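Have a look at entry-v9.pdb; it's PDB, C-alpha atoms:
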ATOM      1  CA  MET A  18      56.395  -9.991  19.538  1.00  0.00           C
ATOM      2  CA  LYS A  19      54.962 -13.438  18.857  1.00  0.00           C
ATOM      3  CA  GLY A  20      51.594 -12.386  20.390  1.00  0.00           C
ATOM      4  CA  PHE A  21      51.488  -9.309  18.148  1.00  0.00           C
ATOM      5  CA  ARG A  22      52.003 -11.432  15.008  1.00  0.00           C
ATOM      6  CA  HIS A  23      49.308 -13.857  16.133  1.00  0.00           C
ATOM      7  CA  CYS A  24      46.850 -10.974  16.718  1.00  0.00           C
ATOM      8  CA  PHE A  25      47.761  -9.426  13.349  1.00  0.00           C
ATOM      9  CA  VAL A  26      47.149 -12.719  11.531  1.00  0.00           C
ATOM     10  CA  LEU A  27      43.823 -13.129  13.314  1.00  0.00           C
ATOM     11  CA  VAL A  28      42.686  -9.601  12.349  1.00  0.00           C
ATOM     12  CA  ALA A  29      43.825 -10.132   8.749  1.00  0.00           C
ATOM     13  CA  ALA A  30      41.897 -13.419   8.556  1.00  0.00           C
ATOM     14  CA  LEU A  31      38.772 -11.810  10.011  1.00  0.00           C
ATOM     15  CA  LEU A  32      39.033  -8.912   7.544  1.00  0.00           C
ATOM     16  CA  ALA A  33      39.440 -11.308   4.617  1.00  0.00           C
ATOM     17  CA  PHE A  34      36.390 -13.269   5.780  1.00  0.00           C
ATOM     18  CA  CYS A  35      34.269 -10.111   6.064  1.00  0.00           C
ATOM     19  CA  LEU A  36      35.246  -9.015   2.571  1.00  0.00           C
ATOM     20  CA  CYS A  37      34.283 -12.388   1.107  1.00  0.00           C
ATOM     21  CA  VAL A  38      30.869 -12.701   2.767  1.00  0.00           C
ATOM     22  CA  PRO A  39      28.274 -10.535   1.073  1.00  0.00           C
ATOM     23  CA  ALA A  40      26.387  -8.151   3.314  1.00  0.00           C
ATOM     24  CA  PRO A  41      22.680  -8.805   3.675  1.00  0.00           C
ATOM     25  CA  THR A  42      20.818  -6.802   1.089  1.00  0.00           C
ATOM     26  CA  ALA A  43      17.833  -4.675   1.941  1.00  0.00           C
ATOM     27  CA  ARG A  44      14.680  -5.463   0.038  1.00  0.00           C
ATOM     28  CA  ALA A  45      13.791  -2.790  -2.440  1.00  0.00           C
ATOM     29  CA  ALA A  46      10.691  -0.725  -1.893  1.00  0.00           C
ATOM     30  CA  VAL A  47       7.616  -1.771  -3.850  1.00  0.00           C
ATOM     31  CA  ALA A  48       7.295   0.343  -6.969  1.00  0.00           C
ATOM     32  CA  VAL A  49       4.301   2.614  -7.372  1.00  0.00           C
ATOM     33  CA  PRO A  50       2.339   1.453 -10.427  1.00  0.00           C
ATOM     34  CA  VAL A  51       1.223   3.888 -13.087  1.00  0.00           C
ATOM     35  CA  LEU A  52      -2.269   5.240 -12.427  1.00  0.00           C
ATOM     36  CA  LYS A  53      -4.399   4.043 -15.354  1.00  0.00           C
ATOM     37  CA  ALA A  54      -7.801   3.397 -13.776  1.00  0.00           C
ATOM     38  CA  ARG A  55      -9.857   3.936 -10.646  1.00  0.00           C
ATOM     39  CA  VAL A  56      -9.300   0.283  -9.693  1.00  0.00           C
ATOM     40  CA  THR A  57      -5.864  -1.291 -10.028  1.00  0.00           C
ATOM     41  CA  ASP A  58      -5.738  -4.955  -8.997  1.00  0.00           C
ATOM     42  CA  LEU A  59      -2.179  -6.249  -9.213  1.00  0.00           C
ATOM     43  CA  THR A  60      -3.209  -9.496  -7.511  1.00  0.00           C
ATOM     44  CA  GLY A  61      -5.759 -10.735 -10.049  1.00  0.00           C
ATOM     45  CA  THR A  62      -8.228 -11.196  -7.188  1.00  0.00           C
ATOM     46  CA  LEU A  63     -11.110  -9.259  -8.710  1.00  0.00           C
ATOM     47  CA  THR A  64     -12.881 -10.484 -11.821  1.00  0.00           C
ATOM     48  CA  ALA A  65     -13.153  -8.215 -14.843  1.00  0.00           C
ATOM     49  CA  GLN A  66     -16.852  -7.722 -14.096  1.00  0.00           C
ATOM     50  CA  GLN A  67     -16.167  -6.813 -10.455  1.00  0.00           C
ATOM     51  CA  THR A  68     -13.502  -4.333 -11.511  1.00  0.00           C
ATOM     52  CA  GLN A  69     -15.881  -2.765 -14.043  1.00  0.00           C
ATOM     53  CA  GLN A  70     -18.651  -2.471 -11.451  1.00  0.00           C
ATOM     54  CA  LEU A  71     -16.347  -0.780  -8.943  1.00  0.00           C
ATOM     55  CA  GLU A  72     -15.013   1.511 -11.675  1.00  0.00           C
ATOM     56  CA  ALA A  73     -18.558   2.542 -12.623  1.00  0.00           C
ATOM     57  CA  GLN A  74     -19.525   3.234  -9.001  1.00  0.00           C
ATOM     58  CA  LEU A  75     -16.407   5.318  -8.403  1.00  0.00           C
ATOM     59  CA  ALA A  76     -16.924   7.260 -11.635  1.00  0.00           C
ATOM     60  CA  THR A  77     -20.532   8.023 -10.682  1.00  0.00           C
ATOM     61  CA  LEU A  78     -19.460   9.170  -7.226  1.00  0.00           C
ATOM     62  CA  GLU A  79     -16.773  11.389  -8.729  1.00  0.00           C
ATOM     63  CA  GLN A  80     -19.271  12.970 -11.131  1.00  0.00           C
ATOM     64  CA  ARG A  81     -21.807  13.604  -8.330  1.00  0.00           C
ATOM     65  CA  LYS A  82     -19.480  14.752  -5.539  1.00  0.00           C
ATOM     66  CA  GLY A  83     -16.227  15.672  -7.274  1.00  0.00           C
ATOM     67  CA  ALA A  84     -14.071  13.608  -4.930  1.00  0.00           C
ATOM     68  CA  GLN A  85     -11.774  11.113  -6.616  1.00  0.00           C
ATOM     69  CA  ILE A  86     -11.578   7.641  -5.065  1.00  0.00           C
ATOM     70  CA  VAL A  87      -9.032   5.125  -6.289  1.00  0.00           C
ATOM     71  CA  VAL A  88      -8.433   1.505  -5.221  1.00  0.00           C
ATOM     72  CA  LEU A  89      -5.066  -0.247  -5.375  1.00  0.00           C
ATOM     73  CA  MET A  90      -4.791  -3.964  -4.585  1.00  0.00           C
ATOM     74  CA  LEU A  91      -1.326  -5.454  -4.452  1.00  0.00           C
ATOM     75  CA  PRO A  92       0.179  -8.570  -2.892  1.00  0.00           C
ATOM     76  CA  SER A  93       2.371  -6.768  -0.353  1.00  0.00           C
ATOM     77  CA  THR A  94       3.911  -3.432   0.544  1.00  0.00           C
ATOM     78  CA  GLN A  95       6.816  -5.109   2.378  1.00  0.00           C
ATOM     79  CA  PRO A  96       9.395  -4.123   3.393  1.00  0.00           C
ATOM     80  CA  GLU A  97       7.564  -0.811   3.651  1.00  0.00           C
ATOM     81  CA  ASP A  98       4.735  -0.245   6.099  1.00  0.00           C
ATOM     82  CA  ILE A  99       1.333   0.107   4.401  1.00  0.00           C
ATOM     83  CA  ALA A 100       0.852   3.624   5.817  1.00  0.00           C
ATOM     84  CA  ASP A 101       4.159   4.838   4.361  1.00  0.00           C
ATOM     85  CA  TYR A 102       3.496   3.116   1.045  1.00  0.00           C
ATOM     86  CA  SER A 103      -0.026   4.581   0.841  1.00  0.00           C
ATOM     87  CA  THR A 104       1.306   8.086   1.446  1.00  0.00           C
ATOM     88  CA  ARG A 105       3.926   7.591  -1.265  1.00  0.00           C
ATOM     89  CA  VAL A 106       1.311   6.357  -3.768  1.00  0.00           C
ATOM     90  CA  PHE A 107      -1.119   9.159  -2.871  1.00  0.00           C
ATOM     91  CA  ASP A 108       1.574  11.795  -3.349  1.00  0.00           C
ATOM     92  CA  GLN A 109       2.810  10.327  -6.624  1.00  0.00           C
ATOM     93  CA  TRP A 110      -0.665   9.879  -8.099  1.00  0.00           C
ATOM     94  CA  LYS A 111      -1.770  13.387  -7.023  1.00  0.00           C
ATOM     95  CA  LEU A 112      -5.313  12.280  -6.279  1.00  0.00           C
ATOM     96  CA  GLY A 113      -8.189  14.716  -5.948  1.00  0.00           C
ATOM     97  CA  ARG A 114      -8.896  18.075  -7.489  1.00  0.00           C
ATOM     98  CA  LYS A 115      -6.183  20.699  -7.443  1.00  0.00           C
ATOM     99  CA  ASN A 116      -6.647  23.236  -4.618  1.00  0.00           C
ATOM    100  CA  VAL A 117      -9.451  21.064  -3.178  1.00  0.00           C
ATOM    101  CA  ASP A 118      -7.305  18.004  -2.352  1.00  0.00           C
ATOM    102  CA  ASP A 119     -10.317  15.711  -2.146  1.00  0.00           C
ATOM    103  CA  GLY A 120      -8.794  12.431  -3.201  1.00  0.00           C
ATOM    104  CA  VAL A 121      -9.139   9.096  -1.425  1.00  0.00           C
ATOM    105  CA  LEU A 122      -6.829   6.128  -1.887  1.00  0.00           C
ATOM    106  CA  VAL A 123      -7.819   2.669  -0.690  1.00  0.00           C
ATOM    107  CA  VAL A 124      -4.821   0.332  -0.556  1.00  0.00           C
ATOM    108  CA  VAL A 125      -5.278  -3.386   0.070  1.00  0.00           C
ATOM    109  CA  ALA A 126      -2.106  -5.412   0.661  1.00  0.00           C
ATOM    110  CA  ARG A 127      -3.764  -8.825   0.307  1.00  0.00           C
ATOM    111  CA  ASP A 128      -0.952 -11.116   1.433  1.00  0.00           C
ATOM    112  CA  ASP A 129      -0.041  -8.806   4.345  1.00  0.00           C
ATOM    113  CA  HIS A 130      -3.683  -8.814   5.523  1.00  0.00           C
ATOM    114  CA  ARG A 131      -3.578  -5.015   5.685  1.00  0.00           C
ATOM    115  CA  ALA A 132      -5.696  -2.193   4.290  1.00  0.00           C
ATOM    116  CA  MET A 133      -5.307   1.570   4.450  1.00  0.00           C
ATOM    117  CA  ILE A 134      -7.510   4.509   3.509  1.00  0.00           C
ATOM    118  CA  GLU A 135      -5.493   7.623   2.712  1.00  0.00           C
ATOM    119  CA  THR A 136      -7.410  10.893   2.342  1.00  0.00           C
ATOM    120  CA  GLY A 137      -6.448  14.280   1.002  1.00  0.00           C
ATOM    121  CA  TYR A 138      -6.531  17.300   3.301  1.00  0.00           C
ATOM    122  CA  GLY A 139      -9.825  18.424   1.788  1.00  0.00           C
ATOM    123  CA  LEU A 140     -11.576  15.294   3.104  1.00  0.00           C
ATOM    124  CA  GLU A 141      -9.897  14.887   6.482  1.00  0.00           C
ATOM    125  CA  GLY A 142     -12.920  16.468   8.188  1.00  0.00           C
ATOM    126  CA  ALA A 143     -15.367  14.164   6.394  1.00  0.00           C
ATOM    127  CA  ILE A 144     -13.186  11.038   6.711  1.00  0.00           C
ATOM    128  CA  PRO A 145     -10.941  11.387   9.766  1.00  0.00           C
ATOM    129  CA  ASP A 146      -8.467   8.620  10.580  1.00  0.00           C
ATOM    130  CA  ALA A 147     -10.860   7.155  13.151  1.00  0.00           C
ATOM    131  CA  ALA A 148     -13.630   6.832  10.551  1.00  0.00           C
ATOM    132  CA  ALA A 149     -11.250   5.302   7.995  1.00  0.00           C
ATOM    133  CA  SER A 150     -10.077   2.798  10.588  1.00  0.00           C
ATOM    134  CA  ARG A 151     -13.664   1.923  11.467  1.00  0.00           C
ATOM    135  CA  ILE A 152     -14.567   1.406   7.793  1.00  0.00           C
ATOM    136  CA  ILE A 153     -11.681  -1.010   7.418  1.00  0.00           C
ATOM    137  CA  ARG A 154     -12.391  -2.813  10.694  1.00  0.00           C
ATOM    138  CA  GLU A 155     -16.182  -3.111  10.409  1.00  0.00           C
ATOM    139  CA  TYR A 156     -16.881  -3.300   6.676  1.00  0.00           C
ATOM    140  CA  MET A 157     -13.814  -4.352   4.745  1.00  0.00           C
ATOM    141  CA  SER A 158     -11.948  -6.769   7.020  1.00  0.00           C
ATOM    142  CA  PRO A 159     -14.867  -9.117   7.789  1.00  0.00           C
ATOM    143  CA  LYS A 160     -15.432  -9.651   4.052  1.00  0.00           C
ATOM    144  CA  PHE A 161     -11.712  -9.899   3.291  1.00  0.00           C
ATOM    145  CA  ARG A 162     -11.305 -12.617   5.961  1.00  0.00           C
ATOM    146  CA  VAL A 163     -13.698 -14.878   4.053  1.00  0.00           C
ATOM    147  CA  GLY A 164     -12.093 -14.091   0.694  1.00  0.00           C
ATOM    148  CA  ASP A 165     -14.768 -11.630  -0.476  1.00  0.00           C
ATOM    149  CA  PHE A 166     -12.522  -8.773  -1.570  1.00  0.00           C
ATOM    150  CA  TYR A 167     -15.101  -7.393  -3.971  1.00  0.00           C
ATOM    151  CA  GLY A 168     -17.722  -7.312  -1.210  1.00  0.00           C
ATOM    152  CA  GLY A 169     -15.326  -5.580   1.156  1.00  0.00           C
ATOM    153  CA  LEU A 170     -14.541  -2.893  -1.396  1.00  0.00           C
ATOM    154  CA  ASN A 171     -18.123  -2.587  -2.640  1.00  0.00           C
ATOM    155  CA  ASP A 172     -19.536  -2.109   0.872  1.00  0.00           C
ATOM    156  CA  THR A 173     -17.132   0.720   1.640  1.00  0.00           C
TER     157      THR A 173
END
Encoded form (structure tokens):
Amino acid sequence: MKGFRHCFVLVAALLAFCLCVPAPTARAAVAVPVLKARVTDLTGTLTAQQTQQLEAQLATLEQRKGAQIVVLMLPSTQPEDIADYSTRVFDQWKLGRKNVDDGVLVVVARDDHRAMIETGYGLEGAIPDAAASRIIREYMSPKFRVGDFYGGLNDT
């Protein structure tokens, strides 16, 4: 009987400890910003002039080709993977023309050292995943590594 009481006291103490120690909290997902422009820089990395130049180039491309290209720079997508975050942003922003689905989203998570190009179904033939990966690897990343984020986005 004495062993049972000892075990009961031990379990009660362990339960009390567990109730007092807060459980680790999961980090909340990064919110999707409101789409207000073709270039959204939440990091303050791009100058106003650089942002305007990119905006003008993207607007001209959209007028000529119809495809809508949008750039989102943010510090981090953590705890979410950049691919999952990009898909969530693309879906929420509803990029591209209706029934054509020709939108392109370029996400740069500056502090994570990650970039992602998300394309609508209408452009998957023109910009397959392999081509998007190559663009990031060969054009964007080399410029980003030396701090030239404008150059990396402008060359794309």
Separation of CA of Asp101 in chain A from CA of Asp118 in chain A, in Å and rounded to one decimal: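 Answer for the CA of Asp101 in chain A to CA of Asp118 in chain A separation: 18.7 Å.
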Neighbourhood query: residues within 10 Å of (-15.0, 14.5, -5.7), file coordinates, counting only C-alpha atoms; return as a PyMOL selection string. chain A and resi 75-86+112-114+117-121+139-140
Apply the PyMOL selection byres ((chain A and resi 61) around 12) to the displayed file and report the matching residues as a VMD selection string. chain A and resid 56 to 60 62 to 65 67 to 68 89 to 92 127 166 to 167
Applied to this file, what does the PyMOL selection byres ((chain A and resi 103) around 8) return in terms of residues, put as a VMD selection string? chain A and resid 99 to 102 104 to 107 122 124 133 to 135
Could you tell me which residues the PyMOL selection byres ((chain A and resi 170) around 9) grabs in this file, written as a PyMOL selection string? chain A and resi 71+88+123+156-157+160-161+165-169+171-173
Generate the output file for the selected residues, C-alpha atoms, as a PDB file, in the frame of the given file.
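And here's result_10.pdb as it stands now:
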ATOM      1  CA  LEU A  71     -16.347  -0.780  -8.943  1.00  0.00           C
ATOM      2  CA  VAL A  88      -8.433   1.505  -5.221  1.00  0.00           C
ATOM      3  CA  VAL A 123      -7.819   2.669  -0.690  1.00  0.00           C
ATOM      4  CA  TYR A 156     -16.881  -3.300   6.676  1.00  0.00           C
ATOM      5  CA  MET A 157     -13.814  -4.352   4.745  1.00  0.00           C
ATOM      6  CA  LYS A 160     -15.432  -9.651   4.052  1.00  0.00           C
ATOM      7  CA  PHE A 161     -11.712  -9.899   3.291  1.00  0.00           C
ATOM      8  CA  ASP A 165     -14.768 -11.630  -0.476  1.00  0.00           C
ATOM      9  CA  PHE A 166     -12.522  -8.773  -1.570  1.00  0.00           C
ATOM     10  CA  TYR A 167     -15.101  -7.393  -3.971  1.00  0.00           C
ATOM     11  CA  GLY A 168     -17.722  -7.312  -1.210  1.00  0.00           C
ATOM     12  CA  GLY A 169     -15.326  -5.580   1.156  1.00  0.00           C
ATOM     13  CA  ASN A 171     -18.123  -2.587  -2.640  1.00  0.00           C
ATOM     14  CA  ASP A 172     -19.536  -2.109   0.872  1.00  0.00           C
ATOM     15  CA  THR A 173     -17.132   0.720   1.640  1.00  0.00           C
TER      16      THR A 173
END
Could I see range 88-109 of chain A restored to N, CA, C and O atoms, set down as a CSV table (one decimal), in the coordinates of the input?
chain,number,residue,atom,x,y,z
A,88,VAL,N,-8.7,2.7,-5.9
A,88,VAL,CA,-8.4,1.5,-5.2
A,88,VAL,C,-7.2,0.9,-5.8
A,88,VAL,O,-7.1,0.8,-7.0
A,89,LEU,N,-6.3,0.5,-5.0
A,89,LEU,CA,-5.1,-0.2,-5.4
A,89,LEU,C,-5.0,-1.5,-4.6
A,89,LEU,O,-4.9,-1.5,-3.3
A,90,MET,N,-5.0,-2.7,-5.2
A,90,MET,CA,-4.8,-4.0,-4.6
A,90,MET,C,-3.4,-4.5,-5.1
A,90,MET,O,-3.2,-4.5,-6.3
A,91,LEU,N,-2.6,-4.9,-4.1
A,91,LEU,CA,-1.3,-5.5,-4.5
A,91,LEU,C,-1.0,-6.6,-3.5
A,91,LEU,O,-1.6,-6.6,-2.4
A,92,PRO,N,-0.1,-7.5,-3.8
A,92,PRO,CA,0.2,-8.6,-2.9
A,92,PRO,C,0.7,-8.1,-1.5
A,92,PRO,O,0.3,-8.6,-0.5
A,93,SER,N,1.7,-7.2,-1.6
A,93,SER,CA,2.4,-6.8,-0.4
A,93,SER,C,3.0,-5.4,-0.5
A,93,SER,O,3.4,-5.0,-1.6
A,94,THR,N,3.2,-4.7,0.6
A,94,THR,CA,3.9,-3.4,0.5
A,94,THR,C,5.3,-3.6,1.2
A,94,THR,O,6.0,-2.7,1.3
A,95,GLN,N,5.6,-4.8,1.7
A,95,GLN,CA,6.8,-5.1,2.4
A,95,GLN,C,8.0,-4.9,1.5
A,95,GLN,O,7.9,-5.1,0.3
A,96,PRO,N,9.1,-4.3,2.0
A,96,PRO,CA,9.4,-4.1,3.4
A,96,PRO,C,8.8,-2.8,4.0
A,96,PRO,O,9.0,-2.5,5.1
A,97,GLU,N,8.1,-2.1,3.2
A,97,GLU,CA,7.6,-0.8,3.7
A,97,GLU,C,6.2,-1.0,4.4
A,97,GLU,O,5.4,-1.8,4.0
A,98,ASP,N,6.0,-0.2,5.4
A,98,ASP,CA,4.7,-0.2,6.1
A,98,ASP,C,3.6,0.3,5.2
A,98,ASP,O,3.9,1.1,4.3
A,99,ILE,N,2.4,-0.3,5.3
A,99,ILE,CA,1.3,0.1,4.4
A,99,ILE,C,1.0,1.6,4.5
A,99,ILE,O,0.7,2.2,3.5
A,100,ALA,N,1.1,2.2,5.7
A,100,ALA,CA,0.9,3.6,5.8
A,100,ALA,C,1.9,4.5,5.0
A,100,ALA,O,1.5,5.4,4.3
A,101,ASP,N,3.1,4.1,5.1
A,101,ASP,CA,4.2,4.8,4.4
A,101,ASP,C,4.0,4.6,2.9
A,101,ASP,O,4.1,5.6,2.1
A,102,TYR,N,3.7,3.4,2.5
A,102,TYR,CA,3.5,3.1,1.0
A,102,TYR,C,2.3,3.9,0.5
A,102,TYR,O,2.3,4.5,-0.6
A,103,SER,N,1.2,3.9,1.3
A,103,SER,CA,0.0,4.6,0.8
A,103,SER,C,0.2,6.1,0.6
A,103,SER,O,-0.2,6.7,-0.3
A,104,THR,N,1.0,6.7,1.6
A,104,THR,CA,1.3,8.1,1.4
A,104,THR,C,2.1,8.3,0.2
A,104,THR,O,1.9,9.3,-0.6
A,105,ARG,N,3.1,7.4,-0.1
A,105,ARG,CA,3.9,7.6,-1.3
A,105,ARG,C,3.1,7.5,-2.5
A,105,ARG,O,3.3,8.3,-3.5
A,106,VAL,N,2.2,6.5,-2.6
A,106,VAL,CA,1.3,6.4,-3.8
A,106,VAL,C,0.4,7.6,-3.9
A,106,VAL,O,0.3,8.1,-5.0
A,107,PHE,N,-0.2,8.0,-2.8
A,107,PHE,CA,-1.1,9.2,-2.9
A,107,PHE,C,-0.4,10.4,-3.4
A,107,PHE,O,-0.9,11.1,-4.3
A,108,ASP,N,0.8,10.6,-2.9
A,108,ASP,CA,1.6,11.8,-3.3
A,108,ASP,C,2.0,11.7,-4.8
A,108,ASP,O,1.9,12.7,-5.6
A,109,GLN,N,2.4,10.5,-5.2
A,109,GLN,CA,2.8,10.3,-6.6
A,109,GLN,C,1.6,10.4,-7.6
A,109,GLN,O,1.8,11.0,-8.7
